[in-house]
Structures are given as structure tokens and as C-alpha cells.
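Asker: Got a structure for you, written out below as C-alpha cells; questions coming shortly.
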Amino acid sequence: MLSYRHSFHAGNFADVLKHIVQVEIIDYFTQKDKVFDYIDTHSGAGLFNLSSEHANKTGEYLNGIGKLKQADFPELSRYFAAIDAHNVKPLTPNASAAGNLEYYPGSPVIAQQFLRHDDKAWLFELHPTDFDLLSENIRQSRRVRVKQGDGFQGLMSVIPPVSRRAFVLIDPPYEIKTDYQKVFTTVAKAHKKFASGTYAIWYPVVDRHRIDKLEKSFINSGIRDIQRFELGLSADTEGRGMTSSGMIVINPPWTLMKKMNELLPKLVKALDENKAAFYKSDILVAE
Ligand SMILES: C[S@@+](CC[C@H](N)C(=O)[O-])C[C@H]1O[C@@H](n2cnc3c(N)ncnc32)[C@H](O)[C@@H]1O
């Protein structure tokens with residue numbers, strides 16, 4: 001029984017980091033005049049109403065996108081444009097996004113905005129309600145496909161893509177604790193089948209030991225060129241919910257580390273409430 005619904009969490013500090021990394025990678029892919037495939041293993045509903053009962057119950061977006069001002073982040077103009085595209089009133093550059101935003105786009109809808117005419121997208125979602133919402137929120141075509149099913153299996157069924165270029169976003173809810181292991185085994189298998197793909201894996205820090213284990217699995221896997229970016233709002237405290245979250249990126253664009261090194265200290269400053277926020281940016285395995 002799936003109970004996780006991303007509508008409670010859309011636009012929170014974890015989404016901000018995840019979608020910034022996503023936009024940076026897609027931007028890099030679209031700079032080359034060669035088509036690519038975007039594969040989203042855990043797509044979610046695609047678009048989230050921030051005045052919904054779910055979003056208001058947690059108010060999580062207020063501590064994420066709600067705190068950012070466009071004017072402070074000129075380097076994030078593409079990310080902000082992706083959000084503006086789904087709001088009748090564009091964000092005011094000098095005001096924080098809190099209170100100004102009606103909708104926050106999820107990863108598949110953000111991706112669709114950047115895809116060019118011949119790029120392809122494979123969007124997997126297991127939850128029946130979110131699958132139906134995603135089907136409404138995405139313009140489907142022969143090149144953009146929404147599938148209801150397990151994204152781990154879905155990934156294996158579409159690689160290697162004909163284009164031989166792909167960006168794979170893996171963003172499970174980790175509601176089932178075996179997801180931590182599954183993420184690693186699936187990516188290791190996928191990498192054997194398609195070693196040149198760019199894989200971005202999101203992780204939450206609820207229990208740091210699990211993440212240390214996940215990190216070690218990747219470091220010892222034999223896979224090369226792995227970077228990690230993390231943004232935390234408070235120190236690790238087991239059992240009190242998510243305090244931090246990160247992205248592990250295999251075969252990152254060569255531009256990503258520099259960009260994130262400049263951005264993460266600024267994001268920490270903007271999102272910090274208790275003077276406890278921190279970031280990590282490191283190479284887990286060199287090229
Ligand atoms: C964290 S949310 C995804 C958010 C989305 N990627 C975004 O950034 O907007 C995780 C989603 O995975 C879905 N899900 C859970 N298990 C899945 C599976 N095995 N395969 C595909 N989707 C799954 C959940 O229903 C949920 O919508």
C-alpha cells in the first residue's frame with residue numbers, strides 16, 4: 001500500500017536542491033546539438049497546488065522555494081522561469097516566493113519545459129492517483145510517455161536508449177526501507193547496461209547511517225565519476241524526520257561541481273533559520 005504523496009512536500013528545501021540540480025543537468029544536455037532521453041523513475045503528479053489542503057497542512061514550501069528571491073539568484077533564472085511558467089502572476093524579483101506562488105512544478109513538468117522537439121521522455125509513476133494527475137499535467141506524445149508502473153523496472157526496460165544519451169532522475173520516497181538498497185542495486189545494474197548515462201539519485205537524511213551505507217556502496221561499486229551535493233537545515237537527528245537531503249550524480253556534466261560550489265553557500269544562507277544549515281559538495285569517486 002503506497003501512502004506517500006508528494007503534494008505534502010512539493011517545493012520544500014529538498015525539492016529546491018533536487019530541481020536546481022535537475023535543471024543544471026538538463027541545461028547542459030540541451031546545449032549539445034544531439035538528442036537525448038530523459039527518464040524519470042519516480043515522477044510524482046507533475047504539478048502541485050500550493051494552496052491545497054496537503055500543501056497547507058505542512059507548509060513545507062515556505063521553508064523551501066518560499067524563502068528564495070529571484071533577485072538574489074540570477075544564476076537560477078532557468079529554474080525560476082520553469083516555476084513562473086505555471087503561475088499566472090510571475091514571481092516578483094525582490095520579494096520572496098512565499099505567498100506569491102500558486103503552483104510548484106514537479107520534476108517531469110520541469111523537464112518537459114526544456115526538452116527540444118526530438119528529445120524523448122519516459123515518465124514512470126506507480127501511485128494510481130498521482131499517475132492520473134501526471135497524465136493530466138503532461139502533454140503526452142510519441143516522444144513523451146507516461147507509464148504507470150515500477151520505475152526501477154521501467155528504467156531497465158528503456159536503457160540503453162536509441163539516442164545513447166540519457167539523463168536518469170531517480171527520486172523514490174524511501175517509504176519502503178528496502179528502497180535504499182534497491183536504488184543502489186538498480187543503478188549498478190543500469191550502469192552495467194548503459195555506462196555513459198547521467199544518473200541523479202535523490203536521498204533524504206532521516207537516518208544518517210543509511211546514507212553512509214548508500215554512499216559506501218557507490219564508492220565501492222567500481223563505478224567512476226560520482227559527485228554528491230547535499231543541503232541540510234539542521235544537524236542529523238535520528239527519528240525526527242528529514243533534516244537534510246542530497247543528490248548523488250554519476251557522470252555529471254563537467255560544469256556541475258563549480259556551479260554547485262558557488263550556489264550551495266548562498267542557498268544555505270537563504271534557507272537557514274536556526275544557524276544550523278550546512279552543505280556538502282564532494283567527489284565520491286573521481287573520473
Ligand atoms: C518523491 S516523489 C517524486 C517527486 C518528483 N520526482 C518531483 O520531483 O516532483 C516519489 C514518487 O514515487 C512514486 N513511487 C513510489 N514507488 C514507486 C515505484 N516503485 N515506481 C514508480 N513510482 C513510485 C510515489 O507515488 C511518488 O509520487
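Just remember, in the C-alpha cells the first chain shown is A, the second B, etc., residues are 1-based per chain, and ligands are 1-based in the order shown.
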Give me the residues near A:Ala97 as a list in words, where near means some atom within 9 Å (using only C-alpha atoms) and where sequence neighbours in that chain fewer than 6 positions away do not count.
Answerer: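 With the cut-off at 9 Å, the set is Leu62, Ile65, Gly66, Lys67, Leu68, Lys69, Gln70 and Leu91 of chain A.
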Asker: Quick one: write out the picked residues with N, CA and C atoms as a PDB file, in the first residue's frame?
Answerer:
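The resulting file, result03.pdb, is reproduced below:
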ATOM      1  N   LEU A  62       7.117  26.782   2.345  1.00  0.00           N
ATOM      2  CA  LEU A  62       7.502  28.084   2.909  1.00  0.00           C
ATOM      3  C   LEU A  62       8.954  28.092   3.371  1.00  0.00           C
ATOM      4  N   ILE A  65      11.200  26.799  -1.475  1.00  0.00           N
ATOM      5  CA  ILE A  65      11.090  27.809  -2.530  1.00  0.00           C
ATOM      6  C   ILE A  65      10.537  29.120  -1.969  1.00  0.00           C
ATOM      7  N   GLY A  66       9.688  29.024  -0.949  1.00  0.00           N
ATOM      8  CA  GLY A  66       9.071  30.210  -0.349  1.00  0.00           C
ATOM      9  C   GLY A  66      10.076  31.220   0.177  1.00  0.00           C
ATOM     10  N   LYS A  67      11.273  30.760   0.494  1.00  0.00           N
ATOM     11  CA  LYS A  67      12.269  31.680   1.078  1.00  0.00           C
ATOM     12  C   LYS A  67      13.166  32.347   0.045  1.00  0.00           C
ATOM     13  N   LEU A  68      13.131  31.829  -1.187  1.00  0.00           N
ATOM     14  CA  LEU A  68      14.081  32.352  -2.183  1.00  0.00           C
ATOM     15  C   LEU A  68      13.520  33.578  -2.891  1.00  0.00           C
ATOM     16  N   LYS A  69      14.436  34.513  -3.191  1.00  0.00           N
ATOM     17  CA  LYS A  69      14.069  35.682  -4.012  1.00  0.00           C
ATOM     18  C   LYS A  69      14.838  35.572  -5.316  1.00  0.00           C
ATOM     19  N   GLN A  70      14.118  35.769  -6.414  1.00  0.00           N
ATOM     20  CA  GLN A  70      14.776  35.674  -7.728  1.00  0.00           C
ATOM     21  C   GLN A  70      15.976  36.600  -7.838  1.00  0.00           C
ATOM     22  N   LEU A  91       6.803  35.521 -10.449  1.00  0.00           N
ATOM     23  CA  LEU A  91       7.421  35.878  -9.171  1.00  0.00           C
ATOM     24  C   LEU A  91       8.002  37.277  -9.265  1.00  0.00           C
TER      25      LEU A  91
END
Asker: If the limit is 8 Å from any atom of ligand 1, counting only C-alpha atoms and all ligand atoms, which residues qualify? Return them as a ChimeraX atom specification.
Answerer: /A:2-6,10,15,18-19,40-47,105-109,124-128,130-131,148-154,169-175
Asker: Rank A:Glu60, A:Glu24, A:Glu230, A:Glu75 by their smallest atom-to-atom distance to A:Tyr279, using only C-alpha atoms, and report the top residue only.
Answerer: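 Closest candidate: A:Glu230.
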Asker: Would you please extract all strand (DSSP E) residues from stretch 227-268 of chain A, as assigned by DSSP on the backbone, and give them as a list in words?
Answerer: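 Across stretch 227-268 of chain A, those assigned strand (DSSP E) are Gln227, Arg228, Phe229, Glu230, Leu231, Gly232, Ser244, Ser245, Gly246, Met247, Ile248, Val249 and Ile250 of chain A.
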Asker: For the residues in that selection, give me N, CA and C atoms as a short mmCIF file (atom, residue, chain, number, x, y, z; two decimals), in the first residue's frame.
Answerer:
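As written to disk, part-v3.cif reads:
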data_model
loop_
_atom_site.label_atom_id
_atom_site.label_comp_id
_atom_site.auth_asym_id
_atom_site.auth_seq_id
_atom_site.Cartn_x
_atom_site.Cartn_y
_atom_site.Cartn_z
N GLN A 227 29.64 12.37 -8.04
CA GLN A 227 29.67 13.55 -7.17
C GLN A 227 28.45 13.54 -6.26
N ARG A 228 28.57 14.29 -5.15
CA ARG A 228 27.45 14.35 -4.21
C ARG A 228 27.24 15.80 -3.75
N PHE A 229 25.97 16.21 -3.76
CA PHE A 229 25.61 17.55 -3.30
C PHE A 229 24.52 17.41 -2.24
N GLU A 230 24.73 18.03 -1.10
CA GLU A 230 23.74 17.88 -0.02
C GLU A 230 23.46 19.24 0.61
N LEU A 231 22.23 19.42 1.04
CA LEU A 231 21.82 20.65 1.70
C LEU A 231 20.99 20.27 2.92
N GLY A 232 21.46 20.69 4.11
CA GLY A 232 20.75 20.33 5.33
C GLY A 232 20.31 21.56 6.08
N SER A 244 17.99 16.80 6.23
CA SER A 244 18.89 17.16 5.13
C SER A 244 18.53 16.28 3.93
N SER A 245 18.99 16.66 2.75
CA SER A 245 18.79 15.77 1.61
C SER A 245 19.86 16.06 0.56
N GLY A 246 20.06 15.10 -0.30
CA GLY A 246 21.14 15.28 -1.26
C GLY A 246 20.90 14.59 -2.58
N MET A 247 21.84 14.83 -3.47
CA MET A 247 21.81 14.21 -4.80
C MET A 247 23.16 13.56 -5.05
N ILE A 248 23.13 12.30 -5.45
CA ILE A 248 24.35 11.61 -5.89
C ILE A 248 24.28 11.60 -7.41
N VAL A 249 25.31 12.11 -8.06
CA VAL A 249 25.25 12.21 -9.52
C VAL A 249 26.40 11.44 -10.16
N ILE A 250 26.04 10.49 -11.00
CA ILE A 250 27.03 9.69 -11.73
C ILE A 250 27.16 10.28 -13.14
#
Asker: Just list as a PyMOL selection string whatever in stretch 43-286 of chain A DSSP marks as helix (DSSP H, G or I).
Answerer: chain A and resi 53-58+60-63+65-67+70-72+74-84+107-114+128-137+151-158+179-193+208-219+256-271
Asker: What lies within 12 Å of A:Lys216 using only C-alpha atoms, ignoring chain neighbours under 6 positions off, as a PyMOL selection string?
Answerer: chain A and resi 181+184+209-210+222-223+226+248+284-285
Asker: Output the selection as a PDB file, in the first residue's frame - N, CA and C atoms for each residue.
Answerer:
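In the end it all went to out-v9.pdb:
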ATOM      1  N   GLN A 181      18.477   0.062  -0.625  1.00  0.00           N
ATOM      2  CA  GLN A 181      19.256  -0.990  -1.270  1.00  0.00           C
ATOM      3  C   GLN A 181      18.869  -1.101  -2.753  1.00  0.00           C
ATOM      4  N   PHE A 184      20.517   1.370  -5.044  1.00  0.00           N
ATOM      5  CA  PHE A 184      21.886   1.016  -5.396  1.00  0.00           C
ATOM      6  C   PHE A 184      21.930  -0.145  -6.387  1.00  0.00           C
ATOM      7  N   HIS A 209      22.971   6.821   9.100  1.00  0.00           N
ATOM      8  CA  HIS A 209      23.654   5.544   8.845  1.00  0.00           C
ATOM      9  C   HIS A 209      23.261   4.946   7.502  1.00  0.00           C
ATOM     10  N   ARG A 210      21.985   5.087   7.169  1.00  0.00           N
ATOM     11  CA  ARG A 210      21.515   4.533   5.892  1.00  0.00           C
ATOM     12  C   ARG A 210      22.216   5.215   4.712  1.00  0.00           C
ATOM     13  N   GLY A 222      32.848   0.299  -8.091  1.00  0.00           N
ATOM     14  CA  GLY A 222      33.634   0.236  -9.328  1.00  0.00           C
ATOM     15  C   GLY A 222      33.168   1.283 -10.345  1.00  0.00           C
ATOM     16  N   ILE A 223      32.007   1.908 -10.073  1.00  0.00           N
ATOM     17  CA  ILE A 223      31.516   2.976 -10.965  1.00  0.00           C
ATOM     18  C   ILE A 223      32.380   4.221 -10.714  1.00  0.00           C
ATOM     19  N   ILE A 226      31.628  10.052  -9.703  1.00  0.00           N
ATOM     20  CA  ILE A 226      30.418  10.239  -8.890  1.00  0.00           C
ATOM     21  C   ILE A 226      30.605  11.466  -7.979  1.00  0.00           C
ATOM     22  N   ILE A 248      23.133  12.302  -5.453  1.00  0.00           N
ATOM     23  CA  ILE A 248      24.347  11.612  -5.890  1.00  0.00           C
ATOM     24  C   ILE A 248      24.276  11.599  -7.415  1.00  0.00           C
ATOM     25  N   LEU A 284      32.756  11.771  -4.788  1.00  0.00           N
ATOM     26  CA  LEU A 284      32.780  10.465  -4.092  1.00  0.00           C
ATOM     27  C   LEU A 284      33.747   9.531  -4.803  1.00  0.00           C
ATOM     28  N   VAL A 285      33.740   9.569  -6.145  1.00  0.00           N
ATOM     29  CA  VAL A 285      34.678   8.780  -6.936  1.00  0.00           C
ATOM     30  C   VAL A 285      35.129   9.666  -8.114  1.00  0.00           C
TER      31      VAL A 285
END
Asker: With a distance cut-off of 12 Å and only C-alpha atoms, select the neighbouring residues of A:Leu155, excluding the residue or stretch itself and same-chain residues fewer than 5 positions from it, and output the selection as number ranges by chain.
Answerer: A: 37-42, 121-125, 147, 149-150, 160-161, 166-170, 183, 186-187, 189-191, 193-194, 197, 199
Asker: Any idea what the distance is between atom CA of A:Gly59 and atom CA of A:Phe8?
Answerer: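 It comes out at 8.0 Å.
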Asker: Which is closest to A:Phe73 among A:Leu267, A:Ile26, A:Leu233, A:Met156, if we use only C-alpha atoms?
Answerer: A:Leu267
Asker: Counting only C-alpha atoms, what is within 8 Å of A:Ser196, bar same-chain residues fewer than 5 positions away, as a list in words?
Answerer: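 My list of contacting residues is Arg164, Arg165, His191 and Asn251 of chain A.
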Asker: Go through A:Gly64, A:Thr237, A:Leu133, A:Tyr104 and flag the residue nearest A:Leu17, using only C-alpha atoms for the distances.
Answerer: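 Among A:Gly64, A:Thr237, A:Leu133, A:Tyr104, it is A:Gly64 that comes nearest to A:Leu17.
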Asker: Of the residues A:Ser52, A:Asp132, A:Lys32, A:Val23, which is the one nearest to A:Phe80, using only C-alpha atoms?
Answerer: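 When distances to A:Phe80 are compared using only C-alpha atoms, the smallest one comes from A:Val23.
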